[in-house]
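Notes for the one structure printed next.
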Amino acid sequence: GGGGDAAADAALPPIVRGSDPATASNWHVWRATHYEWDARIDPRDGARKLSATAQVSLVRGDGFDGASAAERAVVVLDAHEAVAVESVALAPAGADGSDAAAAAVAFEVAPFTAFGTALRVTLPEGAAAADSIKLVVVYAVGAGGPAVTWLGAAQTAGKTLPYCYSIGQAVCNRGLLPCQDTPAFRVTFAARLCVPAPLVALLACDGFPAVGDDGRPEARAVEVGGEPWLEYSFVMSHSVPVYLLAMAVGDLASARIGPRSRVWTEPAGLAAAAAEFGEGEIVEKYLAAGERLFGEYSWSRYDLLVMPPAFAYGGMENPCLTFVTPALVAGDQSLCDVVAHEITHSWFGNLVTNASWSEFFLNEGFTMYGQRRILTEVHGEAFTALETTTGRALLAAAMEETEPLLQRLRVPMAPGLDPDDTYNEVPYEKGFAFVSWLRDTAGCTAEEFDAKFLRAYVAAHAFSCVMSEDMLAAWWAAFPHLEARRAELQPQIDVWLNGGGMPSFWPDCSAGAALTAPAEALLGRWLADASTADADGAAWAALITYAKLHLLDKLLEKGEADGAGAALLSALDAAYGLSTSRNAEIRLRWSLAVAKHALEGASGYDSVVAFVRSTGKQKYVVPVMRALAGGGERGKAVARTAFGEASDGWQDNIKARVRGVIGDA
Ligand SMILES: [Zn+2]
């Protein structure tokens with residue numbers, strides 16, 4: 001639909017500042033400002049438990065004055081079924097953090113939604129009239145919650161020690177600690193994480209322990225239950241929305257990769273990761289480009305945490321410490337550009353944050369736009385145009401499977417809807433198209449758009465949470481000459497924000513042809529006559545990785561009638577070694593081609609099984625397993641074998657997802 005159907009839209013949940021149906025908290029009455037989090041985390045088999053104290057500092061919210069006495073006497077925090085609350089106490093005013101003198105207060109856990117519960121704390125009379133209060137919540141988190149993923153040793157790179165990590169986006173941190181789980185405002189935090197020796201705990205923050213010569217952070221040795229444990233201390237001094245609180249625990253060490261950057265990972269993969277992200281200080285190049293384009297980098301340090309093979313996602317922009325898939329470690333820096341996306345969140349998302357999950361495009365659409373500005377600076381226009389064209393194809397494919405309301409940039413969210421269930425490509429690529437349209441409509445170059453609008457928007461709203469009207473106000477202010485066209489442009493903006501379907505504008509990507517044309521020509525030669533296509537492999541070697549991926553994508557569109565088939569795949573593999581490539585994006589496409597053409601043997605099905613054994617990343621595992629299961633009786637048998645051999649290395653949620661995809665194959 002084109003949007004703009006006012007009568008139908010009137011029946012949808014409104015998207016207004018200060019309203020977040022996904023939080024149970026009463027943050028307008030009492031608003032959290034700071035969390036002190038003291039957690040013992042034991043990821044070992046048989047334990048898998050986090051026991052913690054969360055001290056939540058709260059001040060009067062913007063609705064306190066208008067609230068009744070009964071409303072002021074309650075603090076509601078978001079929690080989750082997986083969070084077992086043991087006690088809640090009220091720390092005396094001005095308490096230094098010691099909970100010795102805290103007085104127990106009454107609390108109850110009430111149902112809220114499928115993705116969380118409401119922890120209702122009753123305040124005594126004096127506290128309800130205070131300017132600020134501090135609650136001390138003692139609780140434990142076991143397996144099964146939405147925030148913490150527990151990995152056994154077999155799911156790690158080193159295979160000897162267990163691992164766990166948390167990701168808060170969008171509304172998962174209520175499963176990590178009782179909190180006001182909304183992106184509408186910002187908090188600071190401090191944490192002490194205590195783990196069994198020799199495990200290392202990390203927290204995404206700027207106030208980090210000193211790192212020793214062995215690449216490990218300094219810790220305090222403590223004894224827990226007669227065992228040696230290590231306690232690590234962290235401070236986040238910059239304010240962030242609470243979804244950006246994230247930790248990881250594992251056998252972790254680090255190496256320097258730039259003047260303000262280290263890479264962290266398991267020792268088994270550290271040398272490779274340090275080479276991948278340290279060579280030519282590529283991470284620093286992206287950071288420096290971002291600073292030139294969007295203004296200063298506000299987070300002091302920028303580290304990368306390369307996750308274990310089971311990590312199901314591509315990356316998460318946790319501040320100061322981006323979590324990334326190990327699939328980026330390709331051996332030749334060919335997938336490093338993915339880091340530019342996470343770095344761009346240092347301005348869009350982490351610094352200027354969507355105040356409502358209904359407007360996730362303010363995080364992701366602006367980050368896609370900013371990422372492509374950085375890529376243009378560092379890798380050139382042709383590279384970026386090709387990457388952008390890939391994004392449009394991804395959006396077109398996703399749009400067909402996206403329900404109409406989720407095709408909007410502003411997504412109406414009814415009470416009870418889990419924001420994580422609305423996740424799709426639209427906020428990313430349609431959001432990118434919208435920002436590109438804002439530039440095109442302003443009639444300026446990309447450089448002028450950065451200088452006049454993006455930098456001013458970031459500067460005006462740094463460390464704030466914004467709605468789309470804030471962003472648009474900055475845009476109108478940046479381009480006063482558009483004022484005369486407001487009556488004409490405003491309805492177009494409304495369609496962008498509230499309409500469905502593919503974007504009506506996409507920037508010119510013709511520069512990408514310089515890279516795609518040789519790739520398509522090479523594929524044409526293979527389809528015409530495999531024996532003479534690329535005898536010495538020079539034509540393939542001359543392609544950059546994204547052009548190679550483009551060739552393989554085009555190959556996947558071809559059938560037997562075009563000359564594609566098992567014989568051609570064998571010839572391609574003999575020439576280019578696709579079945580043993582270290583590049584996971586090549587292996588993904590190779591695996592899909594093998595499944596499609598039922599190629600047997602070491603370079604065929606065996607290499608596919610090896611691939612899904614090597615990774616637990618959702619973007620790879622799910623489509624490959626789906627393709628196998630869709631490939632007749634033989635494909636189904638291979639899918640069963642692959643599931644049996646590989647699924648112990650995947651996260652539980654991916655295992656379940658694949659089981660659903662392959663059915664009773
Ligand atoms: Zn992102």
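Within each chain, counting starts at residue 1; across the structure tokens, chains are named A, B, ... in the order shown, with ligands numbered 1 upward in that order.
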List the neighbours of region 472-483 of chain A out to 7 Å using only C-alpha atoms; skip same-chain residues closer than 6 positions along the sequence, and give me the result as a ChimeraX atom specification. /A:442,452-453,457
How would you report the residues lying within 12 Å of ligand 1, as a ChimeraX atom specification, if you count only C-alpha atoms and all ligand atoms? /A:169-170,313-318,322-324,338-350,353,360-371,423-425,427-429,431-432
Selection file, N, CA and C atoms, as a CSV table (one decimal), in the first residue's frame:
```
chain,number,residue,atom,x,y,z
A,169,GLN,N,19.8,-5.7,22.8
A,169,GLN,CA,18.9,-5.2,21.8
A,169,GLN,C,17.9,-6.3,21.4
A,170,ALA,N,16.6,-6.0,21.3
A,170,ALA,CA,16.0,-4.8,21.6
A,170,ALA,C,15.6,-4.7,23.1
A,313,TYR,N,25.1,-14.3,15.2
A,313,TYR,CA,24.8,-13.0,14.5
A,313,TYR,C,26.0,-12.5,13.8
A,314,GLY,N,25.8,-11.4,13.1
A,314,GLY,CA,26.9,-10.7,12.3
A,314,GLY,C,27.7,-9.9,13.2
A,315,GLY,N,27.0,-9.0,13.9
A,315,GLY,CA,27.7,-8.1,14.8
A,315,GLY,C,26.7,-7.3,15.7
A,316,MET,N,27.2,-6.8,16.8
A,316,MET,CA,26.4,-6.0,17.7
A,316,MET,C,27.3,-4.8,18.2
A,317,GLU,N,26.7,-3.6,18.0
A,317,GLU,CA,27.5,-2.4,18.2
A,317,GLU,C,27.6,-2.0,19.6
A,318,ASN,N,27.9,-2.9,20.5
A,318,ASN,CA,28.0,-2.5,21.9
A,318,ASN,C,29.1,-1.5,22.1
A,322,THR,N,32.6,-3.6,20.1
A,322,THR,CA,31.7,-4.2,19.1
A,322,THR,C,31.9,-5.8,19.2
A,323,PHE,N,30.8,-6.5,19.2
A,323,PHE,CA,30.8,-8.0,19.1
A,323,PHE,C,30.7,-8.3,17.6
A,324,VAL,N,31.6,-9.1,17.1
A,324,VAL,CA,31.5,-9.5,15.7
A,324,VAL,C,31.7,-11.0,15.5
A,338,VAL,N,32.5,-4.9,7.0
A,338,VAL,CA,31.4,-5.1,7.9
A,338,VAL,C,31.6,-4.3,9.2
A,339,VAL,N,32.9,-4.2,9.6
A,339,VAL,CA,33.2,-3.4,10.8
A,339,VAL,C,32.8,-1.9,10.7
A,340,ALA,N,32.9,-1.4,9.4
A,340,ALA,CA,32.5,0.0,9.2
A,340,ALA,C,31.1,0.2,9.6
A,341,HIS,N,30.2,-0.8,9.4
A,341,HIS,CA,28.8,-0.6,9.9
A,341,HIS,C,28.7,-0.4,11.4
A,342,GLU,N,29.4,-1.3,12.1
A,342,GLU,CA,29.4,-1.2,13.6
A,342,GLU,C,30.0,0.1,14.1
A,343,ILE,N,31.1,0.5,13.4
A,343,ILE,CA,31.8,1.7,13.8
A,343,ILE,C,30.8,2.9,13.6
A,344,THR,N,30.0,2.9,12.5
A,344,THR,CA,29.1,4.0,12.2
A,344,THR,C,28.1,4.2,13.3
A,345,HIS,N,27.7,3.1,14.0
A,345,HIS,CA,26.8,3.2,15.1
A,345,HIS,C,27.4,4.0,16.2
A,346,SER,N,28.7,4.3,16.2
A,346,SER,CA,29.2,5.2,17.2
A,346,SER,C,28.6,6.6,17.1
A,347,TRP,N,28.1,6.9,16.0
A,347,TRP,CA,27.4,8.2,15.8
A,347,TRP,C,25.8,8.0,15.8
A,348,PHE,N,25.4,7.0,15.0
A,348,PHE,CA,24.0,6.8,14.7
A,348,PHE,C,23.5,5.5,15.5
A,349,GLY,N,22.8,5.7,16.5
A,349,GLY,CA,22.4,4.5,17.3
A,349,GLY,C,22.9,4.6,18.7
A,350,ASN,N,24.2,4.7,18.9
A,350,ASN,CA,24.8,4.8,20.2
A,350,ASN,C,24.9,6.2,20.7
A,353,THR,N,20.2,8.2,19.5
A,353,THR,CA,19.5,6.9,19.7
A,353,THR,C,18.0,7.0,19.3
A,360,PHE,N,13.2,2.4,14.5
A,360,PHE,CA,14.5,1.7,14.5
A,360,PHE,C,15.3,2.2,13.3
A,361,PHE,N,14.7,2.8,12.2
A,361,PHE,CA,15.4,3.2,11.1
A,361,PHE,C,16.3,4.4,11.4
A,362,LEU,N,16.0,5.1,12.5
A,362,LEU,CA,16.9,6.2,12.9
A,362,LEU,C,18.2,5.7,13.4
A,363,ASN,N,18.3,4.4,13.9
A,363,ASN,CA,19.5,3.8,14.2
A,363,ASN,C,20.1,3.2,12.9
A,364,GLU,N,19.3,2.3,12.3
A,364,GLU,CA,19.9,1.5,11.2
A,364,GLU,C,20.0,2.1,9.8
A,365,GLY,N,19.0,2.9,9.5
A,365,GLY,CA,19.0,3.5,8.1
A,365,GLY,C,20.1,4.6,8.1
A,366,PHE,N,20.2,5.3,9.2
A,366,PHE,CA,21.3,6.3,9.2
A,366,PHE,C,22.7,5.6,9.2
A,367,THR,N,22.7,4.5,9.9
A,367,THR,CA,24.0,3.8,10.0
A,367,THR,C,24.4,3.2,8.6
A,368,MET,N,23.4,2.7,7.9
A,368,MET,CA,23.7,2.2,6.5
A,368,MET,C,24.2,3.4,5.6
A,369,TYR,N,23.5,4.5,5.8
A,369,TYR,CA,24.0,5.7,5.0
A,369,TYR,C,25.4,6.1,5.4
A,370,GLY,N,25.7,6.2,6.7
A,370,GLY,CA,27.0,6.6,7.2
A,370,GLY,C,28.0,5.6,6.8
A,371,GLN,N,27.7,4.3,7.0
A,371,GLN,CA,28.6,3.2,6.6
A,371,GLN,C,29.1,3.4,5.2
A,423,TYR,N,11.9,-7.3,13.5
A,423,TYR,CA,13.2,-7.2,12.9
A,423,TYR,C,13.1,-7.6,11.4
A,424,ASN,N,13.6,-6.8,10.5
A,424,ASN,CA,13.7,-7.1,9.1
A,424,ASN,C,14.6,-6.1,8.4
A,425,GLU,N,14.7,-6.2,7.1
A,425,GLU,CA,15.6,-5.3,6.3
A,425,GLU,C,15.1,-3.9,6.2
A,427,PRO,N,14.1,-1.2,8.1
A,427,PRO,CA,14.8,-0.1,8.7
A,427,PRO,C,16.2,0.1,8.2
A,428,TYR,N,16.9,-0.9,7.7
A,428,TYR,CA,18.2,-0.8,7.2
A,428,TYR,C,18.2,-0.2,5.8
A,429,GLU,N,17.7,-0.9,4.8
A,429,GLU,CA,17.8,-0.5,3.4
A,429,GLU,C,16.8,0.6,3.0
A,431,GLY,N,15.5,2.6,5.1
A,431,GLY,CA,16.0,3.7,5.9
A,431,GLY,C,17.1,4.4,5.2
A,432,PHE,N,18.0,3.6,4.6
A,432,PHE,CA,19.1,4.2,3.8
A,432,PHE,C,18.6,5.0,2.6
```
Close residues, region 593-602 of chain A itself excluded, 6 Å, only C-alpha atoms, min 2 positions apart in chain, as a VMD selection string: chain A and resid 565 to 566 590 to 591 604 to 607 627 to 628
How about saving the chosen residues, N, CA, C and O atoms kept, as a PDB file, in the first residue's frame?
```pdb
ATOM      1  N   GLY A 565      25.331 -26.589 -13.637  1.00  0.00           N
ATOM      2  CA  GLY A 565      25.044 -27.949 -13.192  1.00  0.00           C
ATOM      3  C   GLY A 565      26.238 -28.492 -12.449  1.00  0.00           C
ATOM      4  O   GLY A 565      27.237 -27.786 -12.241  1.00  0.00           O
ATOM      5  N   ALA A 566      26.139 -29.757 -12.037  1.00  0.00           N
ATOM      6  CA  ALA A 566      27.196 -30.358 -11.224  1.00  0.00           C
ATOM      7  C   ALA A 566      28.543 -30.329 -11.946  1.00  0.00           C
ATOM      8  O   ALA A 566      29.584 -30.080 -11.328  1.00  0.00           O
ATOM      9  N   TRP A 590      28.784 -21.164  -2.302  1.00  0.00           N
ATOM     10  CA  TRP A 590      29.186 -22.476  -2.806  1.00  0.00           C
ATOM     11  C   TRP A 590      28.244 -23.557  -2.261  1.00  0.00           C
ATOM     12  O   TRP A 590      27.783 -24.436  -2.992  1.00  0.00           O
ATOM     13  N   SER A 591      27.947 -23.483  -0.983  1.00  0.00           N
ATOM     14  CA  SER A 591      27.079 -24.493  -0.363  1.00  0.00           C
ATOM     15  C   SER A 591      25.686 -24.473  -0.984  1.00  0.00           C
ATOM     16  O   SER A 591      25.081 -25.528  -1.216  1.00  0.00           O
ATOM     17  N   GLY A 604      31.675 -31.378  -2.869  1.00  0.00           N
ATOM     18  CA  GLY A 604      30.232 -31.172  -2.889  1.00  0.00           C
ATOM     19  C   GLY A 604      29.640 -31.228  -1.492  1.00  0.00           C
ATOM     20  O   GLY A 604      29.998 -30.437  -0.613  1.00  0.00           O
ATOM     21  N   TYR A 605      28.740 -32.204  -1.278  1.00  0.00           N
ATOM     22  CA  TYR A 605      28.024 -32.279  -0.003  1.00  0.00           C
ATOM     23  C   TYR A 605      28.963 -32.299   1.212  1.00  0.00           C
ATOM     24  O   TYR A 605      28.675 -31.700   2.242  1.00  0.00           O
ATOM     25  N   ASP A 606      30.103 -32.998   1.081  1.00  0.00           N
ATOM     26  CA  ASP A 606      31.016 -33.074   2.239  1.00  0.00           C
ATOM     27  C   ASP A 606      31.484 -31.681   2.665  1.00  0.00           C
ATOM     28  O   ASP A 606      31.614 -31.386   3.848  1.00  0.00           O
ATOM     29  N   SER A 607      31.735 -30.820   1.663  1.00  0.00           N
ATOM     30  CA  SER A 607      32.217 -29.473   1.996  1.00  0.00           C
ATOM     31  C   SER A 607      31.108 -28.643   2.645  1.00  0.00           C
ATOM     32  O   SER A 607      31.378 -27.753   3.449  1.00  0.00           O
ATOM     33  N   ALA A 627      18.251 -25.165   2.007  1.00  0.00           N
ATOM     34  CA  ALA A 627      18.537 -25.588   0.631  1.00  0.00           C
ATOM     35  C   ALA A 627      18.789 -27.088   0.566  1.00  0.00           C
ATOM     36  O   ALA A 627      18.318 -27.771  -0.350  1.00  0.00           O
ATOM     37  N   LEU A 628      19.519 -27.615   1.555  1.00  0.00           N
ATOM     38  CA  LEU A 628      19.762 -29.065   1.580  1.00  0.00           C
ATOM     39  C   LEU A 628      18.439 -29.820   1.692  1.00  0.00           C
ATOM     40  O   LEU A 628      18.173 -30.755   0.936  1.00  0.00           O
TER      41      LEU A 628
END
```
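The interatomic distance for the pair CA of Gly632 (chain A) and CA of Leu578 (chain A) works out to 23.7 Å.
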Best match for closeness to Leu193 (chain A) among A:Ala535, A:Val211, A:Ala310, A:Ala52, counting only C-alpha atoms: A:Ala52
DSSP-assigned helix (DSSP H, G or I) members of region 105-327 of chain A, reported as a PyMOL selection string: chain A and resi 125-128+153-155+173-175+242-244+267-294+326-327
I'd like the contact shell of Thr389 (chain A) - 10 Å cut-off, only C-alpha atoms, skipping same-chain residues fewer than 6 positions apart - returned as a ChimeraX atom specification. /A:395,506-510,512
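The protein and nucleic acid residues lying at most 6 Å from region 15-28 of chain A are A:Gly61, A:Asp62, A:Gly63, A:Val76, A:Leu77, A:Asp78, A:Ala118, A:Gln180, A:Asp181, A:Pro415, with only C-alpha atoms considered and sequence neighbours fewer than 5 positions away removed.
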Saved selection, atoms kept: N, CA, C and O atoms, as a JSON list (two decimals), in the first residue's frame:
```json
[["chain", "number", "residue", "atom", "x", "y", "z"],
["A", 61, "GLY", "N", 10.75, 11.33, 37.72],
["A", 61, "GLY", "CA", 10.58, 11.45, 36.28],
["A", 61, "GLY", "C", 9.75, 12.67, 35.91],
["A", 61, "GLY", "O", 9.27, 13.41, 36.78],
["A", 62, "ASP", "N", 9.57, 12.87, 34.59],
["A", 62, "ASP", "CA", 8.88, 14.08, 34.12],
["A", 62, "ASP", "C", 7.39, 14.06, 34.48],
["A", 62, "ASP", "O", 6.72, 15.09, 34.39],
["A", 63, "GLY", "N", 6.87, 12.90, 34.91],
["A", 63, "GLY", "CA", 5.46, 12.84, 35.27],
["A", 63, "GLY", "C", 5.24, 12.75, 36.77],
["A", 63, "GLY", "O", 4.12, 12.52, 37.24],
["A", 76, "VAL", "N", 8.20, 0.45, 39.16],
["A", 76, "VAL", "CA", 8.04, -0.74, 38.33],
["A", 76, "VAL", "C", 9.26, -0.89, 37.44],
["A", 76, "VAL", "O", 9.62, 0.05, 36.71],
["A", 77, "LEU", "N", 9.91, -2.04, 37.53],
["A", 77, "LEU", "CA", 11.05, -2.35, 36.66],
["A", 77, "LEU", "C", 10.67, -3.50, 35.74],
["A", 77, "LEU", "O", 9.83, -4.33, 36.08],
["A", 78, "ASP", "N", 11.31, -3.54, 34.57],
["A", 78, "ASP", "CA", 11.14, -4.69, 33.69],
["A", 78, "ASP", "C", 11.99, -5.84, 34.20],
["A", 78, "ASP", "O", 13.12, -5.65, 34.64],
["A", 118, "ALA", "N", 6.77, -7.73, 35.11],
["A", 118, "ALA", "CA", 6.85, -6.43, 35.78],
["A", 118, "ALA", "C", 7.22, -6.66, 37.24],
["A", 118, "ALA", "O", 6.52, -7.36, 37.96],
["A", 180, "GLN", "N", 14.79, -0.49, 33.68],
["A", 180, "GLN", "CA", 13.75, 0.17, 32.89],
["A", 180, "GLN", "C", 14.17, 0.01, 31.44],
["A", 180, "GLN", "O", 14.99, 0.76, 30.92],
["A", 181, "ASP", "N", 13.61, -1.00, 30.79],
["A", 181, "ASP", "CA", 14.13, -1.49, 29.52],
["A", 181, "ASP", "C", 13.47, -0.79, 28.35],
["A", 181, "ASP", "O", 12.62, -1.35, 27.65],
["A", 415, "PRO", "N", 0.53, -2.91, 22.20],
["A", 415, "PRO", "CA", 0.96, -3.53, 23.46],
["A", 415, "PRO", "C", 1.03, -5.05, 23.30],
["A", 415, "PRO", "O", 0.17, -5.65, 22.65]]
```
CA of Ser464 (chain A) to CA of Arg60 (chain A), distance in Å rounded to a single decimal: 18.5 Å
Mind pulling up the distance from CA of Val138 (chain A) to CA of Leu202 (chain A)?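 Separating CA of Leu202 (chain A) from CA of Val138 (chain A) is a distance of 21.5 Å.
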Would you please give, as a PyMOL selection string, all residues of region 47-208 of chain A that DSSP assigns to strand (DSSP E or B) based on the backbone? chain A and resi 49-60+74-79+83-91+103-104+107-113+116-122+132-141+148-151+163-166+179+187-196+200-203+207
Go ahead and write the residues just picked, C-alpha atoms, as a tab-separated table (two decimals), in the first residue's frame.
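Just written: out_5.tsv:
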```tsv
chain	number	residue	atom	x	y	z
A	49	LYS	CA	24.08	-19.23	36.40
A	50	LEU	CA	24.40	-15.51	37.01
A	51	SER	CA	23.82	-14.34	40.62
A	52	ALA	CA	23.78	-10.62	41.04
A	53	THR	CA	22.93	-7.48	42.88
A	54	ALA	CA	21.64	-4.57	40.83
A	55	GLN	CA	21.59	-1.19	42.56
A	56	VAL	CA	19.26	1.05	40.61
A	57	SER	CA	19.51	4.81	41.21
A	58	LEU	CA	16.30	6.63	40.34
A	59	VAL	CA	15.20	10.25	40.23
A	60	ARG	CA	11.79	11.82	39.87
A	74	VAL	CA	5.55	2.23	43.37
A	75	VAL	CA	8.63	1.63	41.22
A	76	VAL	CA	8.04	-0.74	38.33
A	77	LEU	CA	11.05	-2.35	36.66
A	78	ASP	CA	11.14	-4.69	33.69
A	79	ALA	CA	12.18	-8.24	34.48
A	83	VAL	CA	15.09	-13.65	36.47
A	84	ALA	CA	14.46	-14.97	39.99
A	85	VAL	CA	14.22	-11.99	42.35
A	86	GLU	CA	15.30	-12.87	45.86
A	87	SER	CA	14.95	-9.55	47.65
A	88	VAL	CA	14.52	-5.84	47.10
A	89	ALA	CA	15.77	-3.24	49.54
A	90	LEU	CA	15.87	0.51	49.72
A	91	ALA	CA	19.35	1.93	50.24
A	103	ALA	CA	15.91	-1.81	54.40
A	104	ALA	CA	13.88	-4.57	52.78
A	107	PHE	CA	7.79	-6.40	45.91
A	108	GLU	CA	5.80	-8.59	43.57
A	109	VAL	CA	6.44	-9.96	40.11
A	110	ALA	CA	3.42	-9.47	37.88
A	111	PRO	CA	2.80	-10.82	34.38
A	112	PHE	CA	3.40	-8.31	31.58
A	113	THR	CA	3.99	-9.82	28.13
A	116	GLY	CA	8.92	-9.90	30.11
A	117	THR	CA	7.45	-9.46	33.56
A	118	ALA	CA	6.85	-6.43	35.78
A	119	LEU	CA	8.76	-6.16	39.05
A	120	ARG	CA	6.58	-3.91	41.23
A	121	VAL	CA	8.35	-2.46	44.27
A	122	THR	CA	6.37	-0.69	46.98
A	132	SER	CA	16.04	10.36	44.47
A	133	ILE	CA	16.16	6.78	45.70
A	134	LYS	CA	18.29	3.70	45.24
A	135	LEU	CA	16.87	0.19	45.04
A	136	VAL	CA	19.00	-2.85	45.76
A	137	VAL	CA	17.73	-5.94	43.91
A	138	VAL	CA	19.23	-9.36	44.62
A	139	TYR	CA	18.43	-11.91	41.93
A	140	ALA	CA	19.67	-14.79	39.79
A	141	VAL	CA	19.45	-15.68	36.10
A	148	VAL	CA	22.42	-14.45	28.13
A	149	THR	CA	23.65	-17.11	25.72
A	150	TRP	CA	25.58	-19.95	27.36
A	151	LEU	CA	28.05	-21.86	25.21
A	163	TYR	CA	31.75	-19.05	27.30
A	164	CYS	CA	28.76	-16.79	27.75
A	165	TYR	CA	27.69	-13.42	26.48
A	166	SER	CA	24.72	-11.09	26.58
A	179	CYS	CA	15.83	-2.40	34.70
A	187	VAL	CA	21.80	5.77	31.88
A	188	THR	CA	25.35	5.20	33.08
A	189	PHE	CA	26.60	2.11	34.85
A	190	ALA	CA	29.38	0.48	36.78
A	191	ALA	CA	29.92	-3.25	37.11
A	192	ARG	CA	31.94	-5.81	38.98
A	193	LEU	CA	31.93	-9.16	37.20
A	194	CYS	CA	33.28	-12.16	39.06
A	195	VAL	CA	34.06	-15.38	37.15
A	196	PRO	CA	35.87	-18.67	37.83
A	200	VAL	CA	38.07	-13.29	31.60
A	201	ALA	CA	35.01	-11.04	31.86
A	202	LEU	CA	34.50	-8.05	29.56
A	203	LEU	CA	31.92	-5.28	29.62
A	207	GLY	CA	36.32	2.55	32.00
```
Give the answer as one residue: which of A:Ala538, A:Ala397, A:Ala530, A:Leu569 has the shortest atom-to-atom distance to Leu552 (chain A), using only C-alpha atoms?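 When distances to Leu552 (chain A) are compared using only C-alpha atoms, the smallest one comes from A:Leu569.
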